[in-house]
file my_file-v9.txt (compact mmCIF, C-alpha atoms)
# COMPACT_ATOMS: atom_id res chain seq x y z
CA ASP A 108 105.32 -12.75 -54.71
CA GLU A 109 103.18 -15.76 -55.58
CA LYS A 110 99.98 -13.85 -54.83
CA ILE A 111 101.07 -10.95 -57.02
CA TYR A 112 102.04 -13.35 -59.81
CA GLY A 113 98.66 -15.08 -59.58
CA VAL A 114 96.74 -11.79 -59.78
CA GLU A 115 98.87 -10.59 -62.72
CA THR A 116 98.23 -13.88 -64.54
CA LEU A 117 94.46 -13.63 -64.03
CA ILE A 118 94.53 -10.04 -65.34
CA LYS A 119 96.57 -11.16 -68.36
CA HIS A 120 93.86 -13.70 -69.20
CA LYS A 121 91.12 -11.07 -68.57
CA ARG A 122 89.68 -12.90 -65.58
CA PHE A 123 89.17 -9.64 -63.76
CA PHE A 124 86.36 -10.68 -61.45
CA SER A 125 88.10 -13.79 -60.21
CA SER A 126 91.10 -11.59 -59.53
CA ILE A 127 88.98 -9.07 -57.57
CA ASP A 128 87.52 -11.90 -55.50
CA ILE A 129 90.96 -13.29 -54.69
CA CYS A 130 92.51 -9.87 -54.00
CA SER A 131 89.77 -9.02 -51.51
CA HIS A 132 91.05 -11.83 -49.23
CA PHE A 133 94.57 -10.40 -48.93
CA PRO A 134 94.57 -6.84 -50.40
CA GLU A 135 97.41 -5.76 -48.10
CA ALA A 136 99.74 -8.07 -50.06
CA ILE A 137 98.94 -6.46 -53.44
CA PRO A 138 100.69 -3.25 -54.59
CA THR A 139 98.47 -0.20 -55.02
CA ASN A 140 99.25 0.21 -58.71
CA LEU A 141 98.17 -3.39 -59.37
CA ILE A 142 94.90 -2.92 -57.46
CA ALA A 143 94.23 0.27 -59.44
CA GLU A 144 95.00 -1.46 -62.73
CA LEU A 145 92.69 -4.34 -61.86
CA LEU A 146 89.80 -2.05 -60.88
CA LYS A 147 90.19 0.02 -64.03
CA LYS A 148 90.33 -2.97 -66.37
CA ALA A 149 87.35 -4.68 -64.72
CA ALA A 150 85.25 -1.55 -65.28
CA THR A 151 86.41 -0.62 -68.79
CA GLU A 152 87.52 -3.77 -70.65
CA GLU A 153 85.68 -6.86 -71.85
CA SER A 154 86.24 -9.80 -69.52
CA SER A 155 86.71 -13.44 -70.47
CA GLU A 156 84.29 -14.42 -67.68
CA GLN A 157 80.82 -13.39 -66.59
CA PRO A 158 80.91 -9.90 -64.98
CA ARG A 159 80.05 -9.96 -61.30
CA PHE A 160 80.61 -6.89 -59.15
CA SER A 161 80.47 -7.42 -55.39
CA GLY A 162 80.11 -4.30 -53.29
CA TYR A 163 81.99 -5.83 -50.35
CA GLU A 164 85.00 -6.87 -52.44
CA ILE A 165 85.21 -3.50 -54.22
CA GLU A 166 84.98 -1.68 -50.88
CA ARG A 167 87.83 -3.77 -49.49
CA LEU A 168 90.09 -2.78 -52.38
CA PHE A 169 89.19 0.92 -52.11
CA GLU A 170 89.74 0.85 -48.34
CA THR A 171 93.18 -0.67 -48.88
CA ILE A 172 94.08 2.16 -51.28
CA ASP A 173 92.80 4.69 -48.72
CA LYS A 174 95.28 3.42 -46.11
CA ARG A 175 98.18 4.20 -48.43
CA ASN A 176 99.46 7.45 -49.95
CA ASP A 177 100.95 6.14 -53.18
CA LEU A 178 98.10 6.73 -55.66
CA GLU A 179 97.53 10.16 -57.19
CA ASP A 180 94.23 11.84 -56.38
CA SER A 181 93.37 12.10 -60.07
CA ALA A 182 93.70 8.31 -60.48
CA LEU A 183 91.56 7.66 -57.39
CA ILE A 184 88.93 10.13 -58.62
CA ASN A 185 88.76 8.26 -61.93
CA LEU A 186 88.32 4.93 -60.13
CA GLU A 187 85.56 6.36 -57.93
CA TRP A 188 83.84 7.64 -61.07
CA LEU A 189 83.94 4.16 -62.62
CA TYR A 190 82.54 2.49 -59.48
CA LEU A 191 80.17 5.24 -58.40
CA PRO A 192 76.94 3.17 -58.63
CA LEU A 193 78.47 0.67 -56.16
CA LEU A 194 79.96 3.31 -53.87
CA ASP A 195 76.61 5.14 -53.83
CA SER A 196 74.54 2.03 -53.07
CA TYR A 197 72.62 1.54 -49.83
CA GLY A 198 74.71 0.28 -46.92
CA THR A 199 78.11 0.99 -48.45
CA ARG A 200 80.90 1.70 -45.96
CA ARG A 201 83.08 3.54 -48.42
CA ASN A 202 81.56 6.62 -50.07
CA PRO A 203 83.04 8.32 -53.17
CA LYS A 204 84.81 10.80 -50.91
CA LYS A 205 87.39 12.06 -53.41
CA LEU A 206 84.68 12.86 -55.94
CA GLU A 207 82.62 14.59 -53.27
CA GLU A 208 85.66 16.61 -52.20
CA GLU A 209 86.26 17.59 -55.82
CA LEU A 210 82.65 18.74 -56.19
CA SER A 211 83.00 20.83 -53.03
CA ARG A 212 86.38 22.27 -54.05
CA ASN A 213 86.27 22.73 -57.81
CA PRO A 214 83.42 24.81 -59.30
CA LYS A 215 84.35 23.79 -62.85
CA PHE A 216 84.08 20.11 -62.00
CA PHE A 217 80.70 20.76 -60.40
CA ILE A 218 79.48 22.39 -63.62
CA ASP A 219 80.91 19.56 -65.76
CA VAL A 220 78.89 17.04 -63.71
CA LEU A 221 75.82 19.28 -63.81
CA LYS A 222 75.93 19.36 -67.62
CA TRP A 223 75.58 15.57 -67.83
CA VAL A 224 72.46 15.51 -65.66
CA TYR A 225 70.53 18.61 -66.77
CA ILE A 226 69.90 20.12 -70.17
CA PRO A 227 70.43 23.88 -70.61
CA LYS A 228 67.64 26.38 -71.16
CA ASP A 229 69.43 27.34 -74.37
CA LYS A 230 69.07 24.12 -76.41
CA GLN A 231 71.77 25.22 -78.88
CA LYS A 232 74.36 24.83 -76.13
CA LEU A 233 73.34 21.17 -75.73
CA GLU A 234 74.10 20.44 -79.38
CA GLU A 235 77.53 22.01 -79.03
CA GLU A 236 78.34 20.19 -75.77
CA ARG A 237 77.37 16.72 -77.00
CA LYS A 238 78.56 16.94 -80.58
CA GLY A 239 80.30 13.72 -81.59
CA ILE A 240 79.38 11.86 -78.37
CA SER A 241 77.32 8.66 -78.72
CA ASP A 242 73.94 8.25 -77.03
CA GLU A 243 75.31 5.33 -75.01
CA VAL A 244 78.16 7.45 -73.58
CA ILE A 245 75.74 10.29 -72.81
CA GLN A 246 73.37 7.95 -70.97
CA ASN A 247 76.15 6.30 -68.99
CA ARG A 248 77.68 9.61 -67.94
CA ALA A 249 74.29 11.06 -67.03
CA LYS A 250 73.56 8.04 -64.85
CA THR A 251 76.94 8.27 -63.14
CA ALA A 252 76.63 12.02 -62.60
CA HIS A 253 73.18 11.50 -61.07
CA HIS A 254 74.67 8.97 -58.63
CA LEU A 255 77.33 11.49 -57.63
CA PHE A 256 74.85 14.25 -56.86
CA HIS A 257 72.73 11.74 -54.94
CA SER A 258 75.66 10.75 -52.70
CA TRP A 259 77.07 14.29 -52.30
CA LYS A 260 76.83 15.46 -48.69
CA LYS A 261 79.99 17.55 -48.27
CA ILE A 262 79.21 21.26 -48.00
CA PRO A 263 81.91 23.46 -49.62
CA GLY A 264 84.04 25.12 -46.95
CA MET A 265 82.94 22.70 -44.22
CA LYS A 266 85.74 21.35 -42.02
CA GLU A 267 86.12 18.14 -40.02
CA ASP A 268 84.97 19.89 -36.83
CA ASN A 269 81.74 21.00 -38.61
CA SER A 270 82.88 24.63 -38.75
CA ILE A 271 82.40 26.45 -42.05
CA ASP A 272 84.92 28.68 -43.78
CA GLU A 273 82.52 31.42 -44.83
CA GLU A 274 84.84 32.94 -47.43
CA GLU A 275 85.51 29.55 -49.05
CA LEU A 276 81.80 28.69 -49.19
CA LYS A 277 80.77 32.03 -50.66
CA GLU A 278 83.61 32.07 -53.19
CA TRP A 279 82.69 28.55 -54.37
CA ILE A 280 79.03 29.51 -54.75
CA LYS A 281 79.92 32.74 -56.55
CA LYS A 282 82.08 30.93 -59.13
CA VAL A 283 79.57 28.10 -59.57
CA ARG A 284 76.71 30.52 -60.25
CA ILE A 285 78.78 32.49 -62.78
CA LEU A 286 79.72 29.29 -64.64
CA ALA A 287 76.15 27.99 -64.39
CA GLU A 288 74.81 31.20 -65.93
CA GLU A 289 77.27 30.81 -68.80
CA ALA A 290 76.15 27.20 -69.23
CA SER A 291 72.46 28.22 -69.16
CA ARG A 292 71.84 26.10 -66.04
CA LEU A 293 71.57 28.56 -63.15
CA ASP A 294 68.26 27.19 -61.81
CA VAL A 295 69.52 23.61 -61.54
CA ALA A 296 72.81 24.79 -60.04
CA ASP A 297 70.83 26.61 -57.34
CA MET A 298 68.79 23.43 -56.89
CA GLN A 299 71.91 21.38 -56.11
CA ILE A 300 73.32 24.12 -53.88
CA GLY A 301 70.11 24.18 -51.86
CA GLN A 302 70.15 20.42 -51.47
CA VAL A 303 73.74 20.22 -50.26
CA LEU A 304 73.34 23.13 -47.81
CA ALA A 305 70.52 21.17 -46.18
CA GLN A 306 72.97 18.37 -45.33
CA TYR A 307 74.47 20.30 -42.43
CA PRO A 308 73.95 18.15 -39.29
CA GLU A 309 71.32 19.37 -36.82
CA ASN A 310 72.23 17.28 -33.78
CA ILE A 311 75.41 19.20 -32.94
CA PRO A 312 76.13 22.37 -30.90
CA GLN A 313 76.90 24.42 -34.07
CA TRP A 314 73.29 24.10 -35.24
CA PRO A 315 71.53 26.33 -36.24
CA GLN A 316 74.32 27.27 -38.64
CA GLU A 317 73.97 30.97 -39.45
CA LYS A 318 76.67 31.02 -42.13
CA ILE A 319 74.41 28.80 -44.22
CA PHE A 320 71.41 31.00 -43.44
CA GLN A 321 73.40 34.04 -44.65
CA VAL A 322 74.05 32.37 -48.02
CA ILE A 323 70.38 31.48 -48.49
CA GLU A 324 69.36 35.00 -47.52
CA GLU A 325 71.79 36.63 -49.97
CA ILE A 326 70.95 34.44 -52.98
CA ASN A 327 67.23 34.10 -52.24
CA SER A 328 66.38 32.26 -55.46
CA ASP A 329 63.19 30.23 -55.68
CA SER A 330 65.10 27.13 -56.85
CA LEU A 331 67.58 27.22 -53.98
CA ASN A 332 64.92 27.92 -51.35
CA ARG A 333 62.55 25.17 -52.53
CA ASN A 334 65.26 22.56 -52.72
CA TYR A 335 66.77 23.48 -49.37
CA SER A 336 63.30 22.95 -47.91
CA SER A 337 62.69 19.64 -49.71
CA ALA A 338 66.13 18.29 -48.75
CA MET A 339 65.55 19.26 -45.10
CA PHE A 340 62.29 17.31 -45.28
CA ASN A 341 63.70 14.28 -47.11
CA LYS A 342 66.70 13.74 -44.84
CA ARG A 343 64.33 13.02 -41.96
CA GLY A 344 63.27 9.81 -43.66
CA SER A 345 60.26 7.72 -42.69
CA SER A 346 58.96 7.17 -39.16
CA SER A 347 57.19 4.30 -37.41
CA ARG A 348 54.14 4.75 -35.17
CA GLY A 349 51.32 2.86 -33.53
CA PRO A 350 48.15 2.24 -35.54
CA PHE A 351 46.16 4.88 -33.60
CA ASP A 352 48.89 7.42 -32.80
CA GLY A 353 47.77 9.99 -35.34
CA GLY A 354 49.97 12.94 -36.23
CA ASN A 355 52.00 13.33 -33.03
CA ILE A 356 55.32 12.90 -34.84
CA GLU A 357 54.38 15.53 -37.43
CA ARG A 358 53.29 17.97 -34.69
CA GLU A 359 56.69 17.61 -33.02
CA LYS A 360 58.43 18.41 -36.31
CA ALA A 361 56.07 21.34 -36.91
CA ALA A 362 56.94 22.73 -33.46
CA TYR A 363 60.66 22.32 -34.21
CA PHE A 364 60.49 24.31 -37.45
CA ASP A 365 58.06 26.84 -36.01
CA LYS A 366 60.58 27.62 -33.27
CA LEU A 367 63.35 28.05 -35.85
CA ALA A 368 61.11 30.39 -37.86
CA ASN A 369 60.37 32.52 -34.79
CA ASP A 370 64.00 32.57 -33.64
CA PHE A 371 65.28 33.91 -36.97
CA LYS A 372 62.34 35.87 -38.42
CA ASN A 373 64.04 39.23 -37.80
CA LYS A 374 67.62 38.32 -38.68
CA TYR A 375 66.98 35.95 -41.62
CA PRO A 376 63.41 36.51 -42.88
CA VAL A 377 63.86 34.40 -46.04
CA VAL A 378 65.10 31.40 -44.06
CA ALA A 379 62.40 31.95 -41.43
CA GLU A 380 59.76 31.82 -44.17
CA ILE A 381 61.18 28.48 -45.39
CA PHE A 382 60.92 27.04 -41.87
CA LYS A 383 57.45 28.51 -41.39
CA ARG A 384 56.17 26.79 -44.53
CA MET A 385 57.75 23.53 -43.44
CA ALA A 386 55.96 23.82 -40.08
CA GLU A 387 52.67 24.47 -41.87
CA GLY A 388 53.27 21.45 -44.10
CA TYR A 389 53.87 19.19 -41.11
CA LEU A 390 50.66 20.44 -39.46
CA ILE A 391 48.73 19.51 -42.61
CA ASP A 392 50.34 16.07 -42.49
CA ALA A 393 49.47 15.79 -38.80
CA LYS A 394 45.81 16.48 -39.54
CA ARG A 395 45.84 13.86 -42.27
CA MET A 396 47.38 11.28 -39.92
CA ASP A 397 44.82 12.16 -37.22
CA ASP A 398 42.00 11.55 -39.68
CA GLN A 399 43.54 8.24 -40.75
CA ALA A 400 43.91 7.13 -37.11
CA GLU A 401 40.28 8.01 -36.43
CA ARG A 402 39.12 5.97 -39.43
CA ASP A 403 41.25 3.04 -38.25
CA ARG A 404 39.67 3.24 -34.77
CA LEU A 405 36.15 3.18 -36.26
CA GLU A 406 37.01 0.23 -38.51
CA TYR A 407 38.63 -1.62 -35.61
call {"tool": "encode", "arguments": {"input": "my_file-v9.txt", "output": "structure tokens"}}
result
Amino acid sequence: DEKIYGVETLIKHKRFFSSIDICSHFPEAIPTNLIAELLKKAATEESSEQPRFSGYEIERLFETIDKRNDLEDSALINLEWLYLPLLDSYGTRRNPKKLEEELSRNPKFFIDVLKWVYIPKDKQKLEEERKGISDEVIQNRAKTAHHLFHSWKKIPGMKEDNSIDEEELKEWIKKVRILAEEASRLDVADMQIGQVLAQYPENIPQWPQEKIFQVIEEINSDSLNRNYSSAMFNKRGSSSRGPFDGGNIEREKAAYFDKLANDFKNKYPVVAEIFKRMAEGYLIDAKRMDDQAERDRLEY
């Protein structure tokens, strides 16, 4: 009771960040509604002290809410939206999972987020969408929406066991593309679809995942194909090597994608072509690394 009283008093005097710091030491003693109120006020109201957001403390409060079932999903989604830059930051233990689930479940929400990040081909639609909204609000929402797409890894229709509900995935994509066409943003919608499809894990027995290949084959848009390829490349990250190793790592990756291309060239020719080009790109990189290693040897 004393802890709750102390937190309520700090909130009353708008000392939100001191209250967050204190709550993070014993969050299990604080009711969920009070934690939610504190998080909301700290993010939306002017504080009487210097703002200081700590990722660890915020994570602790979100993790405490996660262990309980007494906060509505809509309220938790709003809190994740407010703290998205922190939840999306490097090394965070607690991702914006409710927002990611909403993206993967609700095509309209996906399009709403898309509208804040990308302008439509039809510029008149932009004037209608942002009429009466200040530049500051537009910039803040665009930044937050960008963070959400950056953190989004949950493929629509994908279950906990990594299986994919084909009907759910295809229905989500169908509705998203219809809404994106109406919003004059089909290319960028395909871009995001390609990027999220590439997040399917490759180190599990279900890979290669043909249900994803079927979707790519059926849509076969340049935007989706290019961004599936780039996301497959980017998720591999950087690699370390010896000073004279050359392009051995790139040749291994080229062989991996070349095998995928050969395995599926008859069944999924569009996907096979994506993998073939990736293999060719890695071979070019391998040659470049070989040349660099040779120059380093001569200089050494």
call {"tool": "atom_distance", "arguments": {"input": "my_file-v9.txt", "atom1": "atom CA of A:Pro158", "atom2": "atom CA of A:Arg201"}}
result
21.4 Å
call {"tool": "closest_residue", "arguments": {"input": "my_file-v9.txt", "among": "A:Lys281, A:Arg212, A:Lys261, A:Lys266", "to": "A:Ala305", "atoms": "all atoms listed in the file"}}
result
A:Lys261
call {"tool": "closest_residue", "arguments": {"input": "my_file-v9.txt", "among": "A:Val220, A:Leu117, A:Val303, A:Leu210", "to": "A:Ser154", "atoms": "all atoms listed in the file"}}
result
A:Leu117
call {"tool": "residues_around", "arguments": {"input": "my_file-v9.txt", "residues": "stretch 311-327 of chain A", "least_positions_apart": "3", "cutoff": "10 Å", "atoms": "only C-alpha atoms", "output": "count of residues only"}}
result
31
call {"tool": "closest_residue", "arguments": {"input": "my_file-v9.txt", "among": "A:Glu267, A:Val244, A:Ala290, A:Tyr197", "to": "A:Lys232", "atoms": "all atoms listed in the file"}}
result
A:Ala290
call {"tool": "atom_distance", "arguments": {"input": "my_file-v9.txt", "atom1": "atom CA of A:Ser336", "atom2": "atom CA of A:Gly264"}}
result
20.9 Å
call {"tool": "atom_distance", "arguments": {"input": "my_file-v9.txt", "atom1": "atom CA of A:Lys222", "atom2": "atom CA of A:Ser241"}}
result
15.5 Å
call {"tool": "residues_around", "arguments": {"input": "my_file-v9.txt", "residues": "A:Gln246", "least_positions_apart": "5", "cutoff": "12 Å", "atoms": "all atoms listed in the file", "output": "ChimeraX atom specification"}}
result
/A:223-225,237,240-241,251-253
call {"tool": "closest_residue", "arguments": {"input": "my_file-v9.txt", "among": "A:Glu401, A:Glu115, A:Glu208, A:Glu289", "to": "A:Ser181", "atoms": "all atoms listed in the file"}}
result
A:Glu208
call {"tool": "closest_residue", "arguments": {"input": "my_file-v9.txt", "among": "A:Ala136, A:Lys121, A:Glu380, A:Gln231", "to": "A:Glu153", "atoms": "all atoms listed in the file"}}
result
A:Lys121
call {"tool": "closest_residue", "arguments": {"input": "my_file-v9.txt", "among": "A:Ser291, A:Asn369, A:Ser126, A:Thr199", "to": "A:Tyr112", "atoms": "all atoms listed in the file"}}
result
A:Ser126
call {"tool": "residues_around", "arguments": {"input": "my_file-v9.txt", "residues": "A:Leu193", "least_positions_apart": "4", "cutoff": "9 Å", "atoms": "all atoms listed in the file", "output": "PyMOL selection string"}}
result
chain A and resi 160-162+165-166+197+199
call {"tool": "residues_around", "arguments": {"input": "my_file-v9.txt", "residues": "A:Ile142", "least_positions_apart": "2", "cutoff": "9 Å", "atoms": "all atoms listed in the file", "output": "list of chain:residue names"}}
result
A:Ile127, A:Cys130, A:Pro134, A:Ile137, A:Pro138, A:Thr139, A:Asn140, A:Glu144, A:Leu145, A:Leu146, A:Lys147, A:Leu168, A:Phe169, A:Ile172
call {"tool": "residues_around", "arguments": {"input": "my_file-v9.txt", "residues": "A:Arg343", "least_positions_apart": "4", "cutoff": "12 Å", "atoms": "all atoms listed in the file", "output": "JSON, numbers by chain"}}
result
{"A": [305, 306, 308, 309, 336, 337, 338, 339, 356, 357, 360]}
call {"tool": "write_last_selection", "arguments": {"input": "my_file-v9.txt", "atoms": "C-alpha atoms", "output": "compact mmCIF listing (two decimals), in the frame of the given file"}}
result
# COMPACT_ATOMS: atom_id res chain seq x y z
CA ALA A 305 70.52 21.17 -46.18
CA GLN A 306 72.97 18.37 -45.33
CA PRO A 308 73.95 18.15 -39.29
CA GLU A 309 71.32 19.37 -36.82
CA SER A 336 63.30 22.95 -47.91
CA SER A 337 62.69 19.64 -49.71
CA ALA A 338 66.13 18.29 -48.75
CA MET A 339 65.55 19.26 -45.10
CA ILE A 356 55.32 12.90 -34.84
CA GLU A 357 54.38 15.53 -37.43
CA LYS A 360 58.43 18.41 -36.31
call {"tool": "axis_aligned_box", "arguments": {"input": "my_file-v9.txt", "around": "stretch 116-129 of chain A", "padding_each_side": "3 Å", "output": "AutoDock Vina command-line options"}}
result
--center_x 92.3 --center_y -11.5 --center_z -61.9 --size_x 17.9 --size_y 10.8 --size_z 20.5
call {"tool": "decode", "arguments": {"input": "my_file-v9.txt", "residues": "stretch 195-211 of chain A", "atoms": "N, CA and C atoms", "output": "PDB file, in the first residue's frame"}}
result
ATOM      1  N   ASP A 195      12.046  -1.016 -30.078  1.00  0.00           N
ATOM      2  CA  ASP A 195      12.682  -1.395 -31.342  1.00  0.00           C
ATOM      3  C   ASP A 195      14.202  -1.230 -31.292  1.00  0.00           C
ATOM      4  N   SER A 196      14.728  -0.740 -30.185  1.00  0.00           N
ATOM      5  CA  SER A 196      16.158  -0.438 -30.115  1.00  0.00           C
ATOM      6  C   SER A 196      16.987  -1.710 -30.015  1.00  0.00           C
ATOM      7  N   TYR A 197      18.260  -1.588 -30.352  1.00  0.00           N
ATOM      8  CA  TYR A 197      19.167  -2.741 -30.364  1.00  0.00           C
ATOM      9  C   TYR A 197      19.322  -3.334 -28.961  1.00  0.00           C
ATOM     10  N   GLY A 198      19.210  -4.647 -28.870  1.00  0.00           N
ATOM     11  CA  GLY A 198      19.423  -5.333 -27.599  1.00  0.00           C
ATOM     12  C   GLY A 198      18.199  -5.428 -26.710  1.00  0.00           C
ATOM     13  N   THR A 199      17.064  -4.901 -27.143  1.00  0.00           N
ATOM     14  CA  THR A 199      15.873  -4.966 -26.295  1.00  0.00           C
ATOM     15  C   THR A 199      15.402  -6.401 -26.129  1.00  0.00           C
ATOM     16  N   ARG A 200      14.925  -6.738 -24.936  1.00  0.00           N
ATOM     17  CA  ARG A 200      14.410  -8.079 -24.673  1.00  0.00           C
ATOM     18  C   ARG A 200      12.920  -8.178 -24.989  1.00  0.00           C
ATOM     19  N   ARG A 201      12.274  -7.041 -25.015  1.00  0.00           N
ATOM     20  CA  ARG A 201      10.820  -7.044 -25.153  1.00  0.00           C
ATOM     21  C   ARG A 201      10.422  -6.288 -26.430  1.00  0.00           C
ATOM     22  N   ASN A 202      10.088  -7.013 -27.478  1.00  0.00           N
ATOM     23  CA  ASN A 202       9.697  -6.409 -28.744  1.00  0.00           C
ATOM     24  C   ASN A 202       8.243  -5.926 -28.686  1.00  0.00           C
ATOM     25  N   PRO A 203       7.849  -5.055 -29.616  1.00  0.00           N
ATOM     26  CA  PRO A 203       6.447  -4.593 -29.658  1.00  0.00           C
ATOM     27  C   PRO A 203       5.540  -5.673 -30.245  1.00  0.00           C
ATOM     28  N   LYS A 204       5.385  -6.765 -29.506  1.00  0.00           N
ATOM     29  CA  LYS A 204       4.739  -7.955 -30.061  1.00  0.00           C
ATOM     30  C   LYS A 204       3.256  -7.762 -30.374  1.00  0.00           C
ATOM     31  N   LYS A 205       2.547  -6.967 -29.585  1.00  0.00           N
ATOM     32  CA  LYS A 205       1.131  -6.747 -29.865  1.00  0.00           C
ATOM     33  C   LYS A 205       0.942  -5.950 -31.151  1.00  0.00           C
ATOM     34  N   LEU A 206       1.795  -4.966 -31.355  1.00  0.00           N
ATOM     35  CA  LEU A 206       1.733  -4.189 -32.596  1.00  0.00           C
ATOM     36  C   LEU A 206       2.075  -5.068 -33.788  1.00  0.00           C
ATOM     37  N   GLU A 207       3.084  -5.921 -33.634  1.00  0.00           N
ATOM     38  CA  GLU A 207       3.467  -6.807 -34.734  1.00  0.00           C
ATOM     39  C   GLU A 207       2.346  -7.801 -35.036  1.00  0.00           C
ATOM     40  N   GLU A 208       1.694  -8.293 -33.997  1.00  0.00           N
ATOM     41  CA  GLU A 208       0.552  -9.190 -34.201  1.00  0.00           C
ATOM     42  C   GLU A 208      -0.580  -8.472 -34.924  1.00  0.00           C
ATOM     43  N   GLU A 209      -0.798  -7.211 -34.569  1.00  0.00           N
ATOM     44  CA  GLU A 209      -1.865  -6.440 -35.209  1.00  0.00           C
ATOM     45  C   GLU A 209      -1.549  -6.202 -36.683  1.00  0.00           C
ATOM     46  N   LEU A 210      -0.291  -5.917 -36.989  1.00  0.00           N
ATOM     47  CA  LEU A 210       0.107  -5.774 -38.395  1.00  0.00           C
ATOM     48  C   LEU A 210      -0.168  -7.054 -39.167  1.00  0.00           C
ATOM     49  N   SER A 211       0.139  -8.194 -38.545  1.00  0.00           N
ATOM     50  CA  SER A 211       0.028  -9.483 -39.225  1.00  0.00           C
ATOM     51  C   SER A 211      -1.407 -10.003 -39.261  1.00  0.00           C
TER      52      SER A 211
END
